[in-house]
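Shown next: start-v3.cif, given as mmCIF, C-alpha atoms.
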```cif
data_input
#
loop_
_atom_site.label_atom_id
_atom_site.label_comp_id
_atom_site.auth_asym_id
_atom_site.auth_seq_id
_atom_site.Cartn_x
_atom_site.Cartn_y
_atom_site.Cartn_z
CA MET A 1 120.21 99.59 98.50
CA TYR A 2 123.41 97.79 99.52
CA ILE A 3 124.87 98.26 102.99
CA LEU A 4 128.18 97.02 104.39
CA THR A 5 128.07 96.37 108.12
CA THR A 6 129.74 94.37 110.88
CA LYS A 7 127.67 91.82 112.78
CA GLU A 8 128.16 89.43 115.64
CA LYS A 9 126.27 86.13 115.92
CA VAL A 10 126.67 82.55 117.09
CA VAL A 11 127.50 79.64 114.80
CA ARG A 12 126.91 76.00 115.80
CA ILE A 13 129.79 73.61 115.08
CA PRO A 14 128.54 69.99 115.09
CA PRO A 15 130.76 67.50 116.96
CA GLU A 16 131.60 65.57 113.77
CA MET A 17 133.12 68.73 112.25
CA LEU A 18 135.45 69.47 115.17
CA GLY A 19 139.05 68.77 114.37
CA ASP A 20 141.68 69.82 111.89
CA ASP A 21 141.09 73.26 110.43
CA LEU A 22 138.64 74.96 112.78
CA GLU A 23 139.04 78.35 111.08
CA SER A 24 137.87 77.10 107.67
CA ILE A 25 135.02 75.15 109.33
CA ILE A 26 133.85 78.32 111.12
CA ASN A 27 134.05 80.26 107.83
CA GLN A 28 132.06 77.60 105.95
CA LEU A 29 129.37 77.33 108.66
CA SER A 30 129.08 81.14 108.86
CA TRP A 31 128.53 81.38 105.10
CA GLU A 32 125.96 78.56 105.17
CA SER A 33 124.17 79.97 108.24
CA PHE A 34 123.96 83.65 107.34
CA GLU A 35 124.22 84.17 103.55
CA GLY A 36 120.94 84.25 101.64
CA ARG A 37 118.92 84.88 104.80
CA ILE A 38 116.50 87.72 105.49
CA GLU A 39 116.62 89.26 108.92
CA GLY A 40 113.88 91.04 110.82
CA ASN A 41 114.89 94.47 109.52
CA ASP A 42 114.09 93.44 105.93
CA SER A 43 117.72 92.98 104.91
CA LEU A 44 118.96 90.09 102.79
CA THR A 45 122.51 89.01 103.66
CA VAL A 46 124.24 88.68 100.31
CA LEU A 47 127.83 88.03 101.42
CA VAL A 48 129.67 87.15 104.64
CA SER A 49 133.41 87.82 104.86
CA ASN A 50 136.24 88.39 107.36
CA VAL A 51 134.80 85.92 109.89
CA GLU A 52 136.59 86.10 113.23
CA PRO A 53 135.87 83.81 116.22
CA GLN A 54 135.24 85.81 119.41
CA GLY A 55 136.51 84.21 122.60
CA LEU A 56 136.09 80.54 123.40
CA GLY A 57 133.17 78.45 122.18
CA ARG A 58 130.56 77.02 124.53
CA ILE A 59 129.47 73.39 124.74
CA VAL A 60 125.84 72.80 125.69
CA HIS A 61 125.20 69.74 127.87
CA GLY A 62 123.51 66.95 125.90
CA ASP A 63 124.30 68.51 122.50
CA GLY A 64 128.04 68.02 122.03
CA ALA A 65 128.26 70.87 119.53
CA VAL A 66 130.37 73.96 120.08
CA TYR A 67 128.56 77.30 119.96
CA GLN A 68 131.05 79.91 118.80
CA ASN A 69 130.50 83.67 118.78
CA VAL A 70 131.73 85.13 115.49
CA LYS A 71 132.19 88.67 114.24
CA TYR A 72 131.96 89.22 110.48
CA ASP A 73 131.45 91.76 107.73
CA ALA A 74 128.11 91.43 105.97
CA LEU A 75 126.98 92.87 102.66
CA LEU A 76 123.25 93.47 103.00
CA PHE A 77 120.64 94.22 100.35
CA ARG A 78 117.80 96.29 101.81
CA PRO A 79 115.07 97.30 99.33
CA GLN A 80 112.88 100.19 100.51
CA LEU A 81 109.38 101.36 99.66
CA GLN A 82 109.37 104.11 97.01
CA GLU A 83 112.99 103.32 96.03
CA VAL A 84 113.69 103.60 92.30
CA ILE A 85 115.47 100.50 91.00
CA GLU A 86 116.90 99.36 87.69
CA GLY A 87 116.64 95.73 86.70
CA ILE A 88 116.25 93.17 83.95
CA VAL A 89 112.99 91.51 82.89
CA VAL A 90 113.51 87.80 83.64
CA GLU A 91 110.02 86.41 83.03
CA VAL A 92 106.91 87.54 81.16
CA LEU A 93 103.51 86.09 82.07
CA LYS A 94 99.90 86.92 81.19
CA PHE A 95 99.53 89.02 84.36
CA GLY A 96 102.81 90.95 84.10
CA ALA A 97 106.57 90.62 84.22
CA PHE A 98 109.15 89.72 86.85
CA VAL A 99 112.12 92.08 87.14
CA ARG A 100 115.38 91.03 88.78
CA PHE A 101 117.16 93.80 90.67
CA GLY A 102 120.03 92.91 92.92
CA PRO A 103 119.45 89.43 94.37
CA LEU A 104 115.62 89.64 94.36
CA ASP A 105 112.75 89.69 91.84
CA GLY A 106 109.80 92.07 91.84
CA LEU A 107 106.46 91.82 90.04
CA LEU A 108 105.55 94.45 87.50
CA HIS A 109 101.79 93.87 87.23
CA ILE A 110 100.32 94.38 83.76
CA SER A 111 98.35 97.40 85.07
CA GLN A 112 101.61 99.05 86.22
CA ILE A 113 103.64 98.78 83.00
CA MET A 114 102.40 101.71 80.91
CA ASP A 115 99.49 104.10 80.32
CA ASP A 116 98.13 101.98 77.46
CA ARG A 117 96.04 98.88 77.00
CA ILE A 118 98.30 95.86 76.76
CA ASP A 119 98.12 92.83 74.49
CA ILE A 120 99.80 89.63 75.63
CA ASP A 121 101.95 88.01 72.94
CA ALA A 122 102.49 84.64 74.63
CA GLU A 123 104.03 83.14 71.49
CA HIS A 124 106.94 85.63 71.60
CA GLY A 125 106.90 86.16 75.40
CA ARG A 126 106.23 89.87 75.33
CA LEU A 127 103.70 92.47 76.39
CA LEU A 128 102.69 94.98 73.70
CA GLY A 129 101.00 98.39 74.08
CA LYS A 130 97.97 98.57 71.73
CA ASP A 131 98.32 102.26 70.87
CA THR A 132 101.99 102.99 71.52
CA LYS A 133 103.27 99.68 70.07
CA ARG A 134 105.88 99.65 72.84
CA ASP A 135 106.84 96.15 73.93
CA LEU A 136 108.36 94.57 77.02
CA LYS A 137 110.16 91.22 76.83
CA ILE A 138 112.72 89.08 78.63
CA GLY A 139 116.13 90.75 78.77
CA ASP A 140 114.81 94.34 78.64
CA ARG A 141 116.36 96.81 81.11
CA VAL A 142 113.78 98.79 83.06
CA ARG A 143 113.59 101.48 85.71
CA ALA A 144 110.77 101.02 88.22
CA ARG A 145 109.65 102.11 91.69
CA ILE A 146 108.99 99.73 94.60
CA VAL A 147 105.36 100.23 95.67
CA ALA A 148 104.79 97.10 97.80
CA LEU A 149 107.29 95.20 99.91
CA SER A 150 106.85 92.01 101.92
CA LEU A 151 110.05 90.03 102.42
CA ASN A 152 109.74 86.36 103.39
CA GLU A 153 112.30 85.44 106.07
CA ARG A 154 111.90 81.70 105.57
CA SER A 155 112.18 81.75 101.80
CA PRO A 156 113.64 84.98 100.36
CA ARG A 157 112.82 83.93 96.76
CA GLU A 158 109.13 83.87 97.80
CA SER A 159 109.19 87.55 98.84
CA LYS A 160 106.51 89.76 97.37
CA ILE A 161 107.79 93.00 95.86
CA GLY A 162 105.42 95.10 93.78
CA LEU A 163 106.78 97.50 91.15
CA THR A 164 105.36 100.26 88.97
CA MET A 165 106.59 102.00 85.82
CA ARG A 166 103.56 104.31 85.45
CA GLN A 167 105.31 107.48 86.60
CA PRO A 168 107.47 110.03 84.76
CA GLY A 169 111.09 108.90 84.37
CA LEU A 170 110.21 105.22 84.76
CA GLY A 171 109.81 102.48 82.16
CA LYS A 172 111.91 100.48 79.77
CA ILE A 173 115.24 102.30 79.39
CA GLU A 174 114.63 102.81 75.63
CA TRP A 175 111.22 104.39 76.34
CA ILE A 176 112.76 106.81 78.84
CA GLU A 177 115.36 107.85 76.24
CA GLU A 178 112.68 108.26 73.52
CA ASP A 179 110.59 110.42 75.87
CA ARG A 180 113.66 112.51 76.77
CA GLN A 181 114.46 113.09 73.08
CA LYS A 182 110.85 114.04 72.30
CA ALA A 183 110.85 116.53 75.18
CA ALA A 184 114.19 118.03 74.02
CA GLY A 185 112.94 118.27 70.41
CA GLY A 186 109.64 119.84 71.47
CA ALA A 187 111.38 122.44 73.65
CA ALA A 188 113.62 123.76 70.86
#
```

How does this structure look as structure tokens?
Amino acid sequence: MYILTTKEKVVRIPPEMLGDDLESIINQLSWESFEGRIEGNDSLTVLVSNVEPQGLGRIVHGDGAVYQNVKYDALLFRPQLQEVIEGIVVEVLKFGAFVRFGPLDGLLHISQIMDDRIDIDAEHGRLLGKDTKRDLKIGDRVRARIVALSLNERSPRESKIGLTMRQPGLGKIEWIEEDRQKAAGGAA
């Protein structure tokens, strides 16, 4: 889920950067310091905009840098347990597939893809249901549910997000549509 909020933090301006265009330096340092970071409340800051210095900066003895309070608008991405997401399969491995949704990737373990035994077609980079003959490959759009969530503050790309598609209304988008048409045809 995306959230737009206003935040206030401190940015450190090194002495060698002090000078000409302080406003653009503060903007640049705010982007570098806050974007792409995960905060304690499991939110990834995707975008920082409208950065405004608040008051005068402080100089710490022995450092020489200026510590400037800034107020800014932040676009946050906050995945939540049990949230239904739509994403694209970006990698297929022998143990499952990685799905990119928003700025993060989640793992769709092979046991959570479908109610069928799965063959691994490494040559073509796809996972194939033995009985249903349904396949999952790179570029496929899927709908899944977040069942495990552990965001890594130090390295957001190393976060562990577990997904499942083994529930009604979830799966590869084409499978969902096929199931919907079968249900509509069977009800008539």

Q: Identify all residues satisfying the PyMOL selection byres ((chain A and resi 6) around 9) in the given file; provide them as a list in words.
A: Leu4, Thr5, Lys7, Glu8, Lys71, Tyr72, Asp73, Ala74 and Leu75 of chain A

Using only C-alpha atoms, please write the residues we just selected to a file, as a compact mmCIF listing (two decimals), keeping the file's coordinate frame.
```
# COMPACT_ATOMS: atom_id res chain seq x y z
CA LEU A 4 128.18 97.02 104.39
CA THR A 5 128.07 96.37 108.12
CA LYS A 7 127.67 91.82 112.78
CA GLU A 8 128.16 89.43 115.64
CA LYS A 71 132.19 88.67 114.24
CA TYR A 72 131.96 89.22 110.48
CA ASP A 73 131.45 91.76 107.73
CA ALA A 74 128.11 91.43 105.97
CA LEU A 75 126.98 92.87 102.66
```

Q | From A:Val46, A:Val92, A:Val10, A:Leu170, residue lying nearest Arg78 of chain A [only C-alpha atoms] | A | A:Val46

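When atom CA of Pro15 of chain A is paired with atom CA of Glu35 of chain A, their separation reads 22.4 Å.
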
Test item: the PyMOL selection byres ((chain A and resi 65) around 8) resolved as a JSON list (two decimals) with C-alpha atoms, in the frame of the given file:
```
[["chain", "number", "residue", "atom", "x", "y", "z"],
["A", 12, "ARG", "CA", 126.91, 76.00, 115.80],
["A", 13, "ILE", "CA", 129.79, 73.61, 115.08],
["A", 14, "PRO", "CA", 128.54, 69.99, 115.09],
["A", 15, "PRO", "CA", 130.76, 67.50, 116.96],
["A", 59, "ILE", "CA", 129.47, 73.39, 124.74],
["A", 60, "VAL", "CA", 125.84, 72.80, 125.69],
["A", 63, "ASP", "CA", 124.30, 68.51, 122.50],
["A", 64, "GLY", "CA", 128.04, 68.02, 122.03],
["A", 66, "VAL", "CA", 130.37, 73.96, 120.08],
["A", 67, "TYR", "CA", 128.56, 77.30, 119.96]]
```

(Q) Given the PyMOL selection byres ((chain A and resi 101) around 9) and the file above, list the residues it selects as a VMD selection string. (A) chain A and resid 85 to 88 99 to 100 102 to 106

(Q) Can you pull out the residues contacting Pro79 of chain A? Cut-off 12 Å, using only C-alpha atoms, and skip same-chain residues under 6 positions away; I want them as a list in words. (A)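 With the cut-off at 12 Å, the set is Met1, Tyr2, Ile3, Ile38, Asn41, Asp42, Ser43, Leu44, Thr45, Ile85, Glu86, Phe101, Gly102, Pro103, Leu104, Asp105, Gly106, Arg145, Ile146, Val147, Ala148, Leu149, Ser150, Leu151, Ser159, Lys160, Ile161, Gly162 and Leu163 of chain A.
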
Suppose we keep C-alpha atoms; can you now write the selection as a PDB file, keeping the file's coordinate frame?
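Done, and the output landed in out30.pdb:
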```
ATOM      1  CA  MET A   1     120.210  99.590  98.500  1.00  0.00           C
ATOM      2  CA  TYR A   2     123.410  97.790  99.520  1.00  0.00           C
ATOM      3  CA  ILE A   3     124.870  98.260 102.990  1.00  0.00           C
ATOM      4  CA  ILE A  38     116.500  87.720 105.490  1.00  0.00           C
ATOM      5  CA  ASN A  41     114.890  94.470 109.520  1.00  0.00           C
ATOM      6  CA  ASP A  42     114.090  93.440 105.930  1.00  0.00           C
ATOM      7  CA  SER A  43     117.720  92.980 104.910  1.00  0.00           C
ATOM      8  CA  LEU A  44     118.960  90.090 102.790  1.00  0.00           C
ATOM      9  CA  THR A  45     122.510  89.010 103.660  1.00  0.00           C
ATOM     10  CA  ILE A  85     115.470 100.500  91.000  1.00  0.00           C
ATOM     11  CA  GLU A  86     116.900  99.360  87.690  1.00  0.00           C
ATOM     12  CA  PHE A 101     117.160  93.800  90.670  1.00  0.00           C
ATOM     13  CA  GLY A 102     120.030  92.910  92.920  1.00  0.00           C
ATOM     14  CA  PRO A 103     119.450  89.430  94.370  1.00  0.00           C
ATOM     15  CA  LEU A 104     115.620  89.640  94.360  1.00  0.00           C
ATOM     16  CA  ASP A 105     112.750  89.690  91.840  1.00  0.00           C
ATOM     17  CA  GLY A 106     109.800  92.070  91.840  1.00  0.00           C
ATOM     18  CA  ARG A 145     109.650 102.110  91.690  1.00  0.00           C
ATOM     19  CA  ILE A 146     108.990  99.730  94.600  1.00  0.00           C
ATOM     20  CA  VAL A 147     105.360 100.230  95.670  1.00  0.00           C
ATOM     21  CA  ALA A 148     104.790  97.100  97.800  1.00  0.00           C
ATOM     22  CA  LEU A 149     107.290  95.200  99.910  1.00  0.00           C
ATOM     23  CA  SER A 150     106.850  92.010 101.920  1.00  0.00           C
ATOM     24  CA  LEU A 151     110.050  90.030 102.420  1.00  0.00           C
ATOM     25  CA  SER A 159     109.190  87.550  98.840  1.00  0.00           C
ATOM     26  CA  LYS A 160     106.510  89.760  97.370  1.00  0.00           C
ATOM     27  CA  ILE A 161     107.790  93.000  95.860  1.00  0.00           C
ATOM     28  CA  GLY A 162     105.420  95.100  93.780  1.00  0.00           C
ATOM     29  CA  LEU A 163     106.780  97.500  91.150  1.00  0.00           C
TER      30      LEU A 163
END
```
